[in-house]
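This report refers to the structure that appears directly beneath it.
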Amino acid sequence: MEYRAAPPDDVIVQVNAAAVATVDERISTCQITEEEGGIVGHEQVPVGWLAHRSFSQSYRTRHRNPMEFTGWQLALLAYQSLGVVYGDIGTSPLYTFSSFALPNPGAADILGILSLILWTLTLVSLVKYVFVVLHADDHGEGGTFALYSLLRQHVNFSGKSVPVPVTRLASDVNLRFHSRKSSQQPRMLAFLEGSSIAQAVITYLVLVGTCMVMGDGALTPSISVLSAVQGIQSRSSSIKQGHVVLLCVVILVILFLFQQYGTSKVGFTFSPIMLVWFALIASTGLYNIIKHYPPILKAISPHYIYLFFARNKRVGWEQFGTVVLCITGVEAMFADLGHFNKKSIQMAYSCLVYPSLILAYAGQAAFLIKNPSKLSTTFYSSVPEPLFWPMFVVATLAAIVASQALISASFSIVRQSVALGCFPRVTMKHTSKKYEGRVYSPEINYFLMIACVLITVGFKGGPEIGQAYGVAVIWVMLITTHLITVVMVIIWQVHYAIAGTFYAIFAAIEGLMTISLLYKIAQGGWVPFAITAFFLIITLSWTYGRSKKHEYEVSNLMDRQDFIKIVNMSNRVPGICIFCTDLMNGIPPIVRHYVQHMGCLRELMVFVTVRHLPVTSVLPEERFLFDRLEPFGVYRCIVQYGYMDTQNMEDHEYVVSIIASLKEIAQSGDEILMMDSALANGTTFVLGRVILNMSPERGNCFKRFVINNLYRFLQKNFRSNISNLKIAPSKTLQVGMQYEI
């Protein structure tokens, strides 16, 4: 029978009636060729692209095509991005100059520091991130996992050392949000696909980068708010550091409690503050340039950098890493891309943020040339006296906004991590009906709040926070440089010379800063590594446990003939049984366990696998793959999601959609009558509650501790795999089983 499609008002169906083999067999034998830029499967895709209209309408999908914005709409989005994306980098003038510690700084030293800041801002934030990294989006989504997703779509990560394996289907390349491969395959692609070590390195780099962003999200609020609030001490000697720390803690708690209202409300609330902030620092900088040292912008000449290091030698080298504080928050431009769009973020940075920062730093340098003793209190000392209190209020509010950038980025990155199976399931609440990427996680929010309070109180507002902050920032940037270079070669297919030049320049800059900051580890730089280690333990324990569970189920699949025999010997009662399983191939071992205890089976059984793909989204008409299994009345359904999709399954509506689609592949009127009868007699969702247990003979002490303690703890205390399914408790049956691995 040929492929056919039902009328568009009913159900979209493609049927391969000659499919005697199961999905299981076709998954392992699919081959893909490319003809004239299109993708052609040598073998037919698994039976059916199916989507029921009612389910499609209830599912809020992302836009099928990139949204086109008018100039005013882009300007509005750029305005909103000020309050979410640019708070961190925008408030860096609060603490950058004052973080440098030089004995008796002279005019040449100040010009050298300013030259370092100007070149770092231009090369890293403008050239690297605005002009290059922002273009490596995955259909509008940014961040470390967006880069990883792009690579996973083009490189078959099949090595056993990869902790997040994804089974590929031939039909994946036809998905709307799957990147298309070029007909020319670079040599690096063949190397990556053939090297499990290279795949593991890239994967673990992504995991480390993700965890580092979480550390960045915990440090940003502390240093930003403290730097702003500390200015009040210059007004009164009765205000002690303890008072400043207490005020900072109160502000941080209020900020994190405000997160539940969503990015849109936060953006509209904070954007006016940031607009005023940029206007104030730019005008103050211009005032200081004119008043103190008009030729200050001659620092654009890089020879002042040479003079700085020639004069200060080792002291200058140890201070080199401090310059990274002027570009804190650039990673948020990329990570928060899904909250806005590429052009709006580029517009806001190029037209407002970057010029304002240049004027602010130049003005501070001009002031310091005439007042070098004020280096430790640069920001507030350089503010004209009549503007002190207005600047203090706006700076405090802007520092609160600065915290928002990394908090929003943390939510987005954790959501992507959960969707790709790299992190335990946490609550994700969508705070916008219009923009799918705007999410809020209570668990992550409160963890960051507690971490921020502990860091603020623990360091008592001392300079160690700045040292810790710089370490977190530069490591994330260095990881992004490695990943974007691979994307340039494999996906963009940039010439090796250009990609190599990009890598050499930015890896050298960021690598030297990283080495310089190694001196700061004992002075507070250990904090981001501690936070990273905490999240890495969770991430690696989770992925290792899931991989062992998958290995057990694959090696203990029910034999097909045994399954047919068990089904034929069991009593078949009216109704539908939905078996939820992680396996796309074969019958999971928990089915045998279920039959042994229940003694009967429903007349219609469907094995449902929720499959998460390394793409941003899967359209509703691409969501379902169906196939018929043996014996009569047994089917398989694969439900596909991208990492930015919302799983919104209503039990009854979902079952109705499945039955309507199954009728399209029914081979007889009796089969359709059986489906109608089963639907009328109710549905039961069978879900496995698997406990892993590693015996002493199967692994060393460390592996046993990870499986028997850490992974089991995560299973018990994080959300279950059915938490996103809106199933009535009366329709749910959990079957417990212990896997001896």
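By order of appearance in the structure tokens: chains A, B, ..., then residues from 1 within every chain, and ligands from 1 in the order shown.
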
Review point. Can you tell me, as a PyMOL selection string, what residues are no more than 8 Å from range 312-320 of chain A when counting only C-alpha atoms, ignoring any on the same chain fewer than 6 positions away?
Key: chain A and resi 100-102+513+516-517+519

Practice item. Between CA of Ile576 in chain A and CA of Val690 in chain A, measure the distance and give it in Å to one decimal. Key: 22.7 Å

Exercise for review: Fewer than 5 positions away in the same chain doesn't count, so skip those; otherwise give me all residues within 8 Å of range 394-409 of chain A, counting only C-alpha atoms, as a ChimeraX atom specification.
Suggested key: /A:83-91,213,216-217,220-221,224-225,228-229,251-252,255,263,270,273-274,276-277,329,332,335-336,439-440,445

Practice item. Compile the contact shell of Arg560 in chain A as a ChimeraX atom specification: residues with an atom at most 10 Å away, counting only C-alpha atoms, same-chain residues fewer than 5 positions apart removed. Key: /A:565-566,586-587,629-631

Check your understanding: Which residue, A:Ala365, A:Ala533, A:Leu604, A:Ser695, has the smallest gap to Ile296 in chain A when you use only C-alpha atoms?
Key ->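 Among the listed residues, the smallest separation from Ile296 in chain A belongs to A:Ala365.
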
**Study point:** Of the listed residues A:Val453, A:Leu76, A:Ile490, A:Leu147, that which approaches Phe340 in chain A most closely, counting only C-alpha atoms
**Key:**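 Selected residue with least distance to Phe340 in chain A: A:Leu76.
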
Check your understanding: For Ala530 in chain A, which of A:Val618, A:Thr70, A:Pro424, A:Ile455 is the closest residue, counting only C-alpha atoms?
Key -> A:Ile455

Check your understanding: If we count only C-alpha atoms, what is near Val253 in chain A at a cut-off of 10 Å, once residues fewer than 2 positions away on the same chain are taken out, given as a VMD selection string?
Key -> chain A and resid 248 to 251 255 to 258 446 449 to 450 452 to 453

Generate a file of the selected residues that holds C-alpha atoms, formatted as a PDB file, in the first residue's frame.
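For reference, selection10.pdb as written:
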```
ATOM      1  CA  CYS A 248      22.694  42.979  51.006  1.00  0.00           C
ATOM      2  CA  VAL A 249      21.151  39.750  52.324  1.00  0.00           C
ATOM      3  CA  VAL A 250      17.719  41.397  52.626  1.00  0.00           C
ATOM      4  CA  ILE A 251      17.924  42.689  49.050  1.00  0.00           C
ATOM      5  CA  LEU A 255      15.110  39.486  44.555  1.00  0.00           C
ATOM      6  CA  PHE A 256      14.867  35.692  44.552  1.00  0.00           C
ATOM      7  CA  LEU A 257      11.324  35.745  45.907  1.00  0.00           C
ATOM      8  CA  PHE A 258      10.399  38.021  42.994  1.00  0.00           C
ATOM      9  CA  TYR A 446      15.965  28.678  46.234  1.00  0.00           C
ATOM     10  CA  MET A 449      19.264  32.152  47.027  1.00  0.00           C
ATOM     11  CA  ILE A 450      20.781  30.078  49.826  1.00  0.00           C
ATOM     12  CA  CYS A 452      24.180  33.727  47.542  1.00  0.00           C
ATOM     13  CA  VAL A 453      23.345  34.413  51.192  1.00  0.00           C
TER      14      VAL A 453
END
```

Practice item. Might you pull out every residue within 6 Å of range 283-287 of chain A, with only C-alpha atoms counted and same-chain residues fewer than 6 positions away left off, and present them as a list in words? Key: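 That gives Leu359, Ala360 and Gly363 of chain A.
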
Quick one: everything within 12 Å of Thr543 in chain A, counting only C-alpha atoms, minus sequence neighbours fewer than 3 positions away in the same chain. Send it as a PDB file with C-alpha atoms, in the first residue's frame.
```pdb
ATOM      1  CA  SER A 161      32.072   6.966  27.245  1.00  0.00           C
ATOM      2  CA  VAL A 162      29.364   9.532  26.404  1.00  0.00           C
ATOM      3  CA  PRO A 163      27.049   9.777  29.436  1.00  0.00           C
ATOM      4  CA  VAL A 164      24.062  11.061  27.459  1.00  0.00           C
ATOM      5  CA  PRO A 165      23.456   8.638  24.564  1.00  0.00           C
ATOM      6  CA  THR A 203      30.320  16.164  26.529  1.00  0.00           C
ATOM      7  CA  TYR A 204      32.134  16.661  29.807  1.00  0.00           C
ATOM      8  CA  LEU A 207      28.624  19.539  31.685  1.00  0.00           C
ATOM      9  CA  SER A 417      19.899  19.810  30.936  1.00  0.00           C
ATOM     10  CA  VAL A 418      16.788  18.083  32.271  1.00  0.00           C
ATOM     11  CA  LEU A 420      18.515  16.003  27.516  1.00  0.00           C
ATOM     12  CA  GLY A 421      18.683  13.705  30.537  1.00  0.00           C
ATOM     13  CA  CYS A 422      21.758  15.313  32.086  1.00  0.00           C
ATOM     14  CA  PHE A 423      20.101  16.504  35.295  1.00  0.00           C
ATOM     15  CA  PRO A 424      17.405  15.153  37.626  1.00  0.00           C
ATOM     16  CA  ARG A 425      13.898  16.407  36.932  1.00  0.00           C
ATOM     17  CA  LEU A 536      28.813  17.828  38.696  1.00  0.00           C
ATOM     18  CA  ILE A 537      28.310  15.180  41.377  1.00  0.00           C
ATOM     19  CA  ILE A 538      24.556  15.425  40.846  1.00  0.00           C
ATOM     20  CA  THR A 539      24.852  15.465  37.043  1.00  0.00           C
ATOM     21  CA  LEU A 540      27.340  12.604  36.712  1.00  0.00           C
ATOM     22  CA  ARG A 546      20.469   6.238  33.901  1.00  0.00           C
ATOM     23  CA  SER A 547      23.086   4.646  31.655  1.00  0.00           C
ATOM     24  CA  LYS A 548      23.356   1.563  33.921  1.00  0.00           C
ATOM     25  CA  LYS A 549      19.559   1.269  34.014  1.00  0.00           C
ATOM     26  CA  HIS A 550      19.457   1.446  30.216  1.00  0.00           C
ATOM     27  CA  VAL A 706      27.135   6.197  43.315  1.00  0.00           C
ATOM     28  CA  ILE A 707      24.384   3.735  42.352  1.00  0.00           C
ATOM     29  CA  LEU A 710      23.654   8.963  45.276  1.00  0.00           C
ATOM     30  CA  TYR A 711      21.488   7.854  42.348  1.00  0.00           C
ATOM     31  CA  LEU A 714      18.213  11.576  43.504  1.00  0.00           C
ATOM     32  CA  GLN A 715      15.451   9.206  42.387  1.00  0.00           C
TER      33      GLN A 715
END
```

Practice item. Using only C-alpha atoms, pick whichever of A:Gly106, A:Gly338, A:Gly688, A:Gly215 has the shortest atom-to-atom distance to Gly470 in chain A. Key: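 The answer is A:Gly215, which sits nearest to Gly470 in chain A.
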
Review point. As a list in words, which residues of range 613-680 of chain A does DSSP assign to strand (DSSP E or B)?
Key: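 Matching residues for strand (DSSP E or B) in range 613-680 of chain A are Phe624, Leu625, Phe626, Asp627, Arg628, Leu629, Val634, Tyr635, Arg636, Cys637, Ile638, Val639, Gln640, Tyr641, Met649 and Glu650 of chain A.
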
Those same residues - N, CA and C atoms - I'd like them written as an mmCIF file, in the first residue's frame.
```
data_model
loop_
_atom_site.group_PDB
_atom_site.id
_atom_site.type_symbol
_atom_site.label_atom_id
_atom_site.label_comp_id
_atom_site.auth_asym_id
_atom_site.auth_seq_id
_atom_site.Cartn_x
_atom_site.Cartn_y
_atom_site.Cartn_z
ATOM 1 N N PHE A 624 4.457 11.894 16.925
ATOM 2 C CA PHE A 624 4.192 10.477 17.154
ATOM 3 C C PHE A 624 4.782 9.592 16.070
ATOM 4 N N LEU A 625 5.342 8.463 16.488
ATOM 5 C CA LEU A 625 5.707 7.364 15.598
ATOM 6 C C LEU A 625 4.993 6.123 16.120
ATOM 7 N N PHE A 626 4.298 5.402 15.219
ATOM 8 C CA PHE A 626 3.540 4.219 15.632
ATOM 9 C C PHE A 626 3.998 2.996 14.865
ATOM 10 N N ASP A 627 3.766 1.840 15.470
ATOM 11 C CA ASP A 627 4.010 0.583 14.775
ATOM 12 C C ASP A 627 3.194 -0.516 15.440
ATOM 13 N N ARG A 628 2.921 -1.553 14.677
ATOM 14 C CA ARG A 628 2.174 -2.697 15.165
ATOM 15 C C ARG A 628 3.154 -3.778 15.615
ATOM 16 N N LEU A 629 2.905 -4.357 16.784
ATOM 17 C CA LEU A 629 3.697 -5.468 17.277
ATOM 18 C C LEU A 629 2.854 -6.736 17.266
ATOM 19 N N VAL A 634 -1.345 -5.352 20.170
ATOM 20 C CA VAL A 634 -0.163 -4.783 20.829
ATOM 21 C C VAL A 634 0.504 -3.806 19.853
ATOM 22 N N TYR A 635 0.813 -2.619 20.340
ATOM 23 C CA TYR A 635 1.374 -1.565 19.486
ATOM 24 C C TYR A 635 2.510 -0.851 20.228
ATOM 25 N N ARG A 636 3.297 -0.127 19.442
ATOM 26 C CA ARG A 636 4.352 0.712 20.010
ATOM 27 C C ARG A 636 4.134 2.153 19.556
ATOM 28 N N CYS A 637 4.343 3.079 20.497
ATOM 29 C CA CYS A 637 4.207 4.506 20.205
ATOM 30 C C CYS A 637 5.434 5.234 20.745
ATOM 31 N N ILE A 638 6.072 6.016 19.895
ATOM 32 C CA ILE A 638 7.191 6.850 20.310
ATOM 33 C C ILE A 638 6.738 8.304 20.266
ATOM 34 N N VAL A 639 6.853 8.990 21.403
ATOM 35 C CA VAL A 639 6.460 10.400 21.508
ATOM 36 C C VAL A 639 7.730 11.231 21.584
ATOM 37 N N GLN A 640 7.902 12.151 20.654
ATOM 38 C CA GLN A 640 9.152 12.878 20.511
ATOM 39 C C GLN A 640 9.019 14.326 20.994
ATOM 40 N N TYR A 641 10.038 14.781 21.724
ATOM 41 C CA TYR A 641 10.088 16.159 22.210
ATOM 42 C C TYR A 641 11.477 16.736 21.985
ATOM 43 N N MET A 649 0.592 16.492 28.576
ATOM 44 C CA MET A 649 -0.253 15.365 28.198
ATOM 45 C C MET A 649 -1.436 15.237 29.151
ATOM 46 N N GLU A 650 -2.620 15.417 28.643
ATOM 47 C CA GLU A 650 -3.832 15.109 29.397
ATOM 48 C C GLU A 650 -4.177 13.654 29.116
#
```

Check your understanding: Pick from A:Phe535, A:Tyr79, A:Phe607, A:Phe447: nearest to Met212 in chain A, with only C-alpha atoms counted?
Key ->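 Residue with the minimum atom-to-atom distance to Met212 in chain A: A:Phe535.
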
Review point. Could you state the separation of CA of Ile672 in chain A and CA of Thr732 in chain A in Å, given to one decimal place?
Key: 25.1 Å

**Study point:** Nearest candidate to Tyr544 in chain A (options A:Asn708, A:Ala499, A:Ala451, A:Ser92; using only C-alpha atoms)
**Key:**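 Residue with the minimum atom-to-atom distance to Tyr544 in chain A: A:Asn708.
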